[in-house]
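> Once you've had a glance at the structure underneath, I'll fire off some questions.
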Amino acid sequence: MIGYQFMGKAHSHAYRDIPFFFDSEAKPVLKALAGRNESKVNKAAEKMGWESTETDWRRLIEREDIDVIDIVTPNHTHAEMAIAAAEAGKHIITEKPLALTLEEAKAMYRAIQKNKVVHMVCHNYRFAPAVQYAKRLIEDDRLGRIYHFRADYLQDFIMDPSFPLVWRLKKEVSGSGALGDIGAHSIDLARFLVGEISELVGTMETFVKKRPLGEMAGGLNAEAAKDQYGEVTVDDAVAFLAKFSNGALGTFEATRFAGGNRNKNKLEINGEKGSVRWDMENMNLLDVYLTDDEPGLQGFRTINCTEEEHPYVGVYWPPGHIIGYEHTFIHLLYEFLQGIAKESQPSPSFLDGVRNQAVLQAVEQSAESRRWVKVEQFD
């Protein structure tokens with residue numbers, strides 16, 4: 001694995017827990033962790049259970065005892081690392097968004113196609129059991145024709161103007177701000193549950209233009225330097241309207257300036273036969289409304305998706321004993337390992353990542369041009 005902070009911790013925990021809960025056909029062996037700071041990466045490896053460390057990610061690519069490369073580094077590094085790993089015949093999983101730009105994402109996809117390796121992009125929220133169950137209801141036509149998809153991804157961790165200018169706030173490193181950081185998750189959920197987005201119109205805003213220099217310090221915390229400032233070059237908030245290829249309408253909002261919302265990843269889908277709604281901050285619960293309920297009983301019912309009938313949760317605890325954020329990574333990485341073992345391609349793949357990146361690009365183009373933009377279709 002390349003990188004060891006927030007997502008490195010989430011991925012490492014998942015790899016260690018997969019064999020405990022799942023009868024996986026591939027058992028993960030945590031061979032090596034890479035990071036530029038030798039003392040920090042050594043400390044992280046010891047804590048998270050990695051056998052060895054490297055200070056140059058290229059050494060991981062070269063090692064014959066490594067089959068998989070897991071990329072949890074800032075966005076501007078994904079393309080170079082993934083392409084090198086593919087050319088070395090390594091299976092690859094990378095954090096989202098897939099790349100810095102759509103052209104980079106396409107290059108990554110071409111590399112994995114050419115070298116025939118298994119690949120995934122880490123959109124973990126689609127692996128919440130409640131989201132998977134919503135997908136099942138839609139596929140079983142319980143909602144009928146889909147009319148609306150609406151998503152709000154609301155955070156507030158950078159509202160303080162003294163929060164430093166970390167890599168997530170620099171376009172040359174992150175690609176975009178709230179759009180790519182959290183809006184990309186909403187786009188993936190929309191594509192997973194409803195279908196492809198064909199065109200959109202959007203707007204973006206940066207509320208705080210300058211911030212003190214600094215760097216991430218674990219999780220979403222950061223450390224600021226004194227009396228040194230730099231320009232914020234990404235969006236703080238984004239909103240857009242979308243049309244899906246199947247005729248559904250979508251509304252999306254992503255912001256890191258919604259006070260009181262720590263991780264409000266929320267969606268609602270309305271169809272001709274019913275509706276579903278889900279909120280990551282109550283991730284085990286799915287609200288379901290069905291129009292064929294008899295009058296007087298109609299309305300949203302709340303399902304605690306912890307029954308054996310619900311996806312994934314049968315391997316954990318008795319009904320009502322809830323699971324958490326970390327389990328979304330366990331489910332995603334389990335599917336990744338199963339794909340390697342069975343020589344099949346799991347989803348979300350790099351192709352999903354490219355299509356997601358095409359939507360991100362269209363939002364930026366629309367915000368700049370102030371007009372509707374067609375989303376580039378990619379197969």
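We label chains A, B, ... in the order they appear in the structure tokens, count residues from 1 in each chain, and number ligands from 1 in the order shown.
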Which polymer residues have any atom within 9 Å of an atom of Gly320 of chain A, counting only C-alpha atoms, with same-chain residues fewer than 5 positions away left out, as a PyMOL selection string?
chain A and resi 304-307
> For the structure I just gave you, how does DSSP split segment 150-352 of chain A - specifically, which residues are strand (DSSP E or B)? Reply as an NGL selection string.
:A and (150-154 or 165 or 197-205 or 210-216 or 222-231 or 237-244 or 249-255 or 264-271 or 274-279 or 285-290 or 301-304)
> Near Ser245 of chain A, counting only C-alpha atoms, which residues have an atom at most 10 Å away, once you skip same-chain residues fewer than 6 positions from it, shown as a VMD selection string?
chain A and resid 194 to 199
> Do a neighbour search on Glu25 of chain A at 12 Å with only C-alpha atoms, toss out local chain neighbours closer than 6 positions, and write the hits as a PyMOL selection string.
chain A and resi 18-19+334-343
> Using only C-alpha atoms, can you tell me which of A:Leu285, A:Ile83, A:Ile93, A:Ile330 comes closest to His310 of chain A?
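The answer is A:Leu285, which sits nearest to His310 of chain A.
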> Run DSSP on the backbone and grab whatever in segment 26-242 of chain A lands in alpha helix (DSSP H); send it over as number ranges by chain.
A: 38-48, 57-62, 78-87, 102-115, 129-139, 171-174, 178, 184-193
> If we count only C-alpha atoms and set the cut-off at 12 Å, which residues sit around His148 of chain A, ignoring sequence neighbours fewer than 5 positions away in its own chain? Please answer as a PDB file with N, CA, C and O atoms, in the first residue's frame.

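This is the output file selection-v9.pdb:
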ATOM      1  N   LEU A 143     -39.534  -0.114  -7.156  1.00  0.00           N
ATOM      2  CA  LEU A 143     -39.793   1.329  -7.258  1.00  0.00           C
ATOM      3  C   LEU A 143     -40.340   1.720  -8.615  1.00  0.00           C
ATOM      4  O   LEU A 143     -40.792   2.856  -8.804  1.00  0.00           O
ATOM      5  N   ALA A 190     -25.249   7.686  -7.551  1.00  0.00           N
ATOM      6  CA  ALA A 190     -26.265   7.943  -8.574  1.00  0.00           C
ATOM      7  C   ALA A 190     -26.115   6.981  -9.739  1.00  0.00           C
ATOM      8  O   ALA A 190     -27.096   6.394 -10.229  1.00  0.00           O
ATOM      9  N   LEU A 193     -27.068   3.335  -8.587  1.00  0.00           N
ATOM     10  CA  LEU A 193     -28.465   3.080  -8.269  1.00  0.00           C
ATOM     11  C   LEU A 193     -29.420   3.424  -9.414  1.00  0.00           C
ATOM     12  O   LEU A 193     -30.447   2.760  -9.577  1.00  0.00           O
ATOM     13  N   VAL A 194     -29.115   4.455 -10.198  1.00  0.00           N
ATOM     14  CA  VAL A 194     -30.067   4.957 -11.193  1.00  0.00           C
ATOM     15  C   VAL A 194     -29.573   4.763 -12.623  1.00  0.00           C
ATOM     16  O   VAL A 194     -30.319   4.314 -13.489  1.00  0.00           O
ATOM     17  N   GLY A 195     -28.323   5.113 -12.912  1.00  0.00           N
ATOM     18  CA  GLY A 195     -27.811   4.968 -14.268  1.00  0.00           C
ATOM     19  C   GLY A 195     -26.904   6.115 -14.657  1.00  0.00           C
ATOM     20  O   GLY A 195     -26.531   6.950 -13.830  1.00  0.00           O
ATOM     21  N   LEU A 241     -27.710  20.388 -11.394  1.00  0.00           N
ATOM     22  CA  LEU A 241     -28.864  19.640 -11.859  1.00  0.00           C
ATOM     23  C   LEU A 241     -28.401  18.693 -12.950  1.00  0.00           C
ATOM     24  O   LEU A 241     -27.518  19.030 -13.740  1.00  0.00           O
ATOM     25  N   ALA A 242     -29.006  17.515 -13.009  1.00  0.00           N
ATOM     26  CA  ALA A 242     -28.565  16.526 -13.982  1.00  0.00           C
ATOM     27  C   ALA A 242     -29.746  15.814 -14.610  1.00  0.00           C
ATOM     28  O   ALA A 242     -30.804  15.646 -13.989  1.00  0.00           O
ATOM     29  N   LYS A 243     -29.556  15.397 -15.853  1.00  0.00           N
ATOM     30  CA  LYS A 243     -30.489  14.516 -16.536  1.00  0.00           C
ATOM     31  C   LYS A 243     -29.804  13.172 -16.742  1.00  0.00           C
ATOM     32  O   LYS A 243     -28.662  13.106 -17.198  1.00  0.00           O
ATOM     33  N   PHE A 244     -30.515  12.091 -16.396  1.00  0.00           N
ATOM     34  CA  PHE A 244     -30.001  10.742 -16.595  1.00  0.00           C
ATOM     35  C   PHE A 244     -30.422  10.230 -17.981  1.00  0.00           C
ATOM     36  O   PHE A 244     -31.428  10.671 -18.541  1.00  0.00           O
ATOM     37  N   ASN A 246     -31.813   7.566 -18.682  1.00  0.00           N
ATOM     38  CA  ASN A 246     -33.110   6.896 -18.628  1.00  0.00           C
ATOM     39  C   ASN A 246     -34.265   7.857 -18.380  1.00  0.00           C
ATOM     40  O   ASN A 246     -35.405   7.431 -18.177  1.00  0.00           O
ATOM     41  N   GLY A 247     -33.983   9.164 -18.359  1.00  0.00           N
ATOM     42  CA  GLY A 247     -35.034  10.152 -18.206  1.00  0.00           C
ATOM     43  C   GLY A 247     -35.226  10.691 -16.809  1.00  0.00           C
ATOM     44  O   GLY A 247     -35.987  11.652 -16.616  1.00  0.00           O
ATOM     45  N   ALA A 248     -34.574  10.124 -15.826  1.00  0.00           N
ATOM     46  CA  ALA A 248     -34.691  10.624 -14.459  1.00  0.00           C
ATOM     47  C   ALA A 248     -33.989  11.977 -14.321  1.00  0.00           C
ATOM     48  O   ALA A 248     -33.074  12.304 -15.082  1.00  0.00           O
ATOM     49  N   LEU A 249     -34.431  12.752 -13.356  1.00  0.00           N
ATOM     50  CA  LEU A 249     -33.809  14.032 -13.030  1.00  0.00           C
ATOM     51  C   LEU A 249     -33.017  13.900 -11.742  1.00  0.00           C
ATOM     52  O   LEU A 249     -33.433  13.200 -10.811  1.00  0.00           O
ATOM     53  N   GLY A 250     -31.882  14.612 -11.674  1.00  0.00           N
ATOM     54  CA  GLY A 250     -31.053  14.550 -10.483  1.00  0.00           C
ATOM     55  C   GLY A 250     -30.704  15.931  -9.962  1.00  0.00           C
ATOM     56  O   GLY A 250     -30.516  16.872 -10.741  1.00  0.00           O
ATOM     57  N   THR A 251     -30.632  16.062  -8.651  1.00  0.00           N
ATOM     58  CA  THR A 251     -30.129  17.278  -8.014  1.00  0.00           C
ATOM     59  C   THR A 251     -29.018  16.881  -7.057  1.00  0.00           C
ATOM     60  O   THR A 251     -29.164  15.934  -6.284  1.00  0.00           O
ATOM     61  N   PHE A 252     -27.915  17.612  -7.113  1.00  0.00           N
ATOM     62  CA  PHE A 252     -26.726  17.279  -6.334  1.00  0.00           C
ATOM     63  C   PHE A 252     -26.206  18.536  -5.633  1.00  0.00           C
ATOM     64  O   PHE A 252     -26.140  19.614  -6.241  1.00  0.00           O
ATOM     65  N   LEU A 267     -29.136  10.569   0.366  1.00  0.00           N
ATOM     66  CA  LEU A 267     -29.757  10.459  -0.940  1.00  0.00           C
ATOM     67  C   LEU A 267     -31.219  10.068  -0.800  1.00  0.00           C
ATOM     68  O   LEU A 267     -31.636   9.484   0.198  1.00  0.00           O
ATOM     69  N   GLU A 268     -31.998  10.407  -1.824  1.00  0.00           N
ATOM     70  CA  GLU A 268     -33.393   9.970  -1.936  1.00  0.00           C
ATOM     71  C   GLU A 268     -33.683   9.673  -3.393  1.00  0.00           C
ATOM     72  O   GLU A 268     -33.241  10.401  -4.291  1.00  0.00           O
ATOM     73  N   ILE A 269     -34.419   8.604  -3.625  1.00  0.00           N
ATOM     74  CA  ILE A 269     -34.818   8.193  -4.966  1.00  0.00           C
ATOM     75  C   ILE A 269     -36.332   8.041  -4.981  1.00  0.00           C
ATOM     76  O   ILE A 269     -36.899   7.361  -4.115  1.00  0.00           O
ATOM     77  N   ASN A 270     -36.982   8.663  -5.953  1.00  0.00           N
ATOM     78  CA  ASN A 270     -38.432   8.577  -6.103  1.00  0.00           C
ATOM     79  C   ASN A 270     -38.778   7.904  -7.417  1.00  0.00           C
ATOM     80  O   ASN A 270     -38.298   8.315  -8.483  1.00  0.00           O
ATOM     81  N   GLY A 271     -39.619   6.865  -7.354  1.00  0.00           N
ATOM     82  CA  GLY A 271     -40.063   6.173  -8.556  1.00  0.00           C
ATOM     83  C   GLY A 271     -41.575   6.089  -8.616  1.00  0.00           C
ATOM     84  O   GLY A 271     -42.275   6.515  -7.696  1.00  0.00           O
ATOM     85  N   GLU A 272     -42.091   5.501  -9.674  1.00  0.00           N
ATOM     86  CA  GLU A 272     -43.539   5.447  -9.868  1.00  0.00           C
ATOM     87  C   GLU A 272     -44.225   4.531  -8.855  1.00  0.00           C
ATOM     88  O   GLU A 272     -45.412   4.707  -8.549  1.00  0.00           O
ATOM     89  N   GLY A 274     -42.644   3.711  -5.701  1.00  0.00           N
ATOM     90  CA  GLY A 274     -42.155   3.891  -4.346  1.00  0.00           C
ATOM     91  C   GLY A 274     -40.899   4.744  -4.299  1.00  0.00           C
ATOM     92  O   GLY A 274     -40.422   5.244  -5.318  1.00  0.00           O
ATOM     93  N   SER A 275     -40.377   4.903  -3.095  1.00  0.00           N
ATOM     94  CA  SER A 275     -39.206   5.749  -2.860  1.00  0.00           C
ATOM     95  C   SER A 275     -38.309   5.096  -1.818  1.00  0.00           C
ATOM     96  O   SER A 275     -38.758   4.289  -0.985  1.00  0.00           O
ATOM     97  N   VAL A 276     -37.021   5.457  -1.851  1.00  0.00           N
ATOM     98  CA  VAL A 276     -36.083   5.079  -0.796  1.00  0.00           C
ATOM     99  C   VAL A 276     -35.260   6.300  -0.424  1.00  0.00           C
ATOM    100  O   VAL A 276     -35.059   7.200  -1.253  1.00  0.00           O
ATOM    101  N   ARG A 277     -34.802   6.346   0.812  1.00  0.00           N
ATOM    102  CA  ARG A 277     -33.878   7.395   1.227  1.00  0.00           C
ATOM    103  C   ARG A 277     -32.909   6.829   2.257  1.00  0.00           C
ATOM    104  O   ARG A 277     -33.248   5.927   3.025  1.00  0.00           O
TER     105      ARG A 277
END
> Determine, counting only C-alpha atoms, which protein, DNA and RNA residues have an atom within 9 Å of an atom of Ile182 of chain A; residues of the same chain fewer than 4 positions away are not included. Present the result as a list of chain:residue names.
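Using only C-alpha atoms, the neighbours found are A:Tyr153, A:Leu154, A:Gln155, A:Gly177, A:Ala178, A:Ser186, A:Ala254, A:Thr255, A:Arg256, A:Asn265.
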> Using only C-alpha atoms, pick whichever of A:His331, A:Lys47, A:His123, A:Lys114 has the shortest atom-to-atom distance to Ala184 of chain A.
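Answer, going by the shortest atom-to-atom distance: A:His123.
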> So, counting only C-alpha atoms, which residue among A:Ala237, A:Arg371, A:Thr291, A:Lys9 is closest to Asp156 of chain A?
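Result for the nearest residue to Asp156 of chain A: A:Ala237.
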> One decimal, Å: what's the distance from atom CA of Ile138 of chain A over to atom CA of Leu290 of chain A, could you say?
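Calculated distance between atom CA of Ile138 of chain A and atom CA of Leu290 of chain A is 11.8 Å.
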> So which one's closest to Ala224 of chain A, A:Tyr289, A:Phe163, A:Phe240, A:Tyr4? Using only C-alpha atoms, please.
A:Phe163
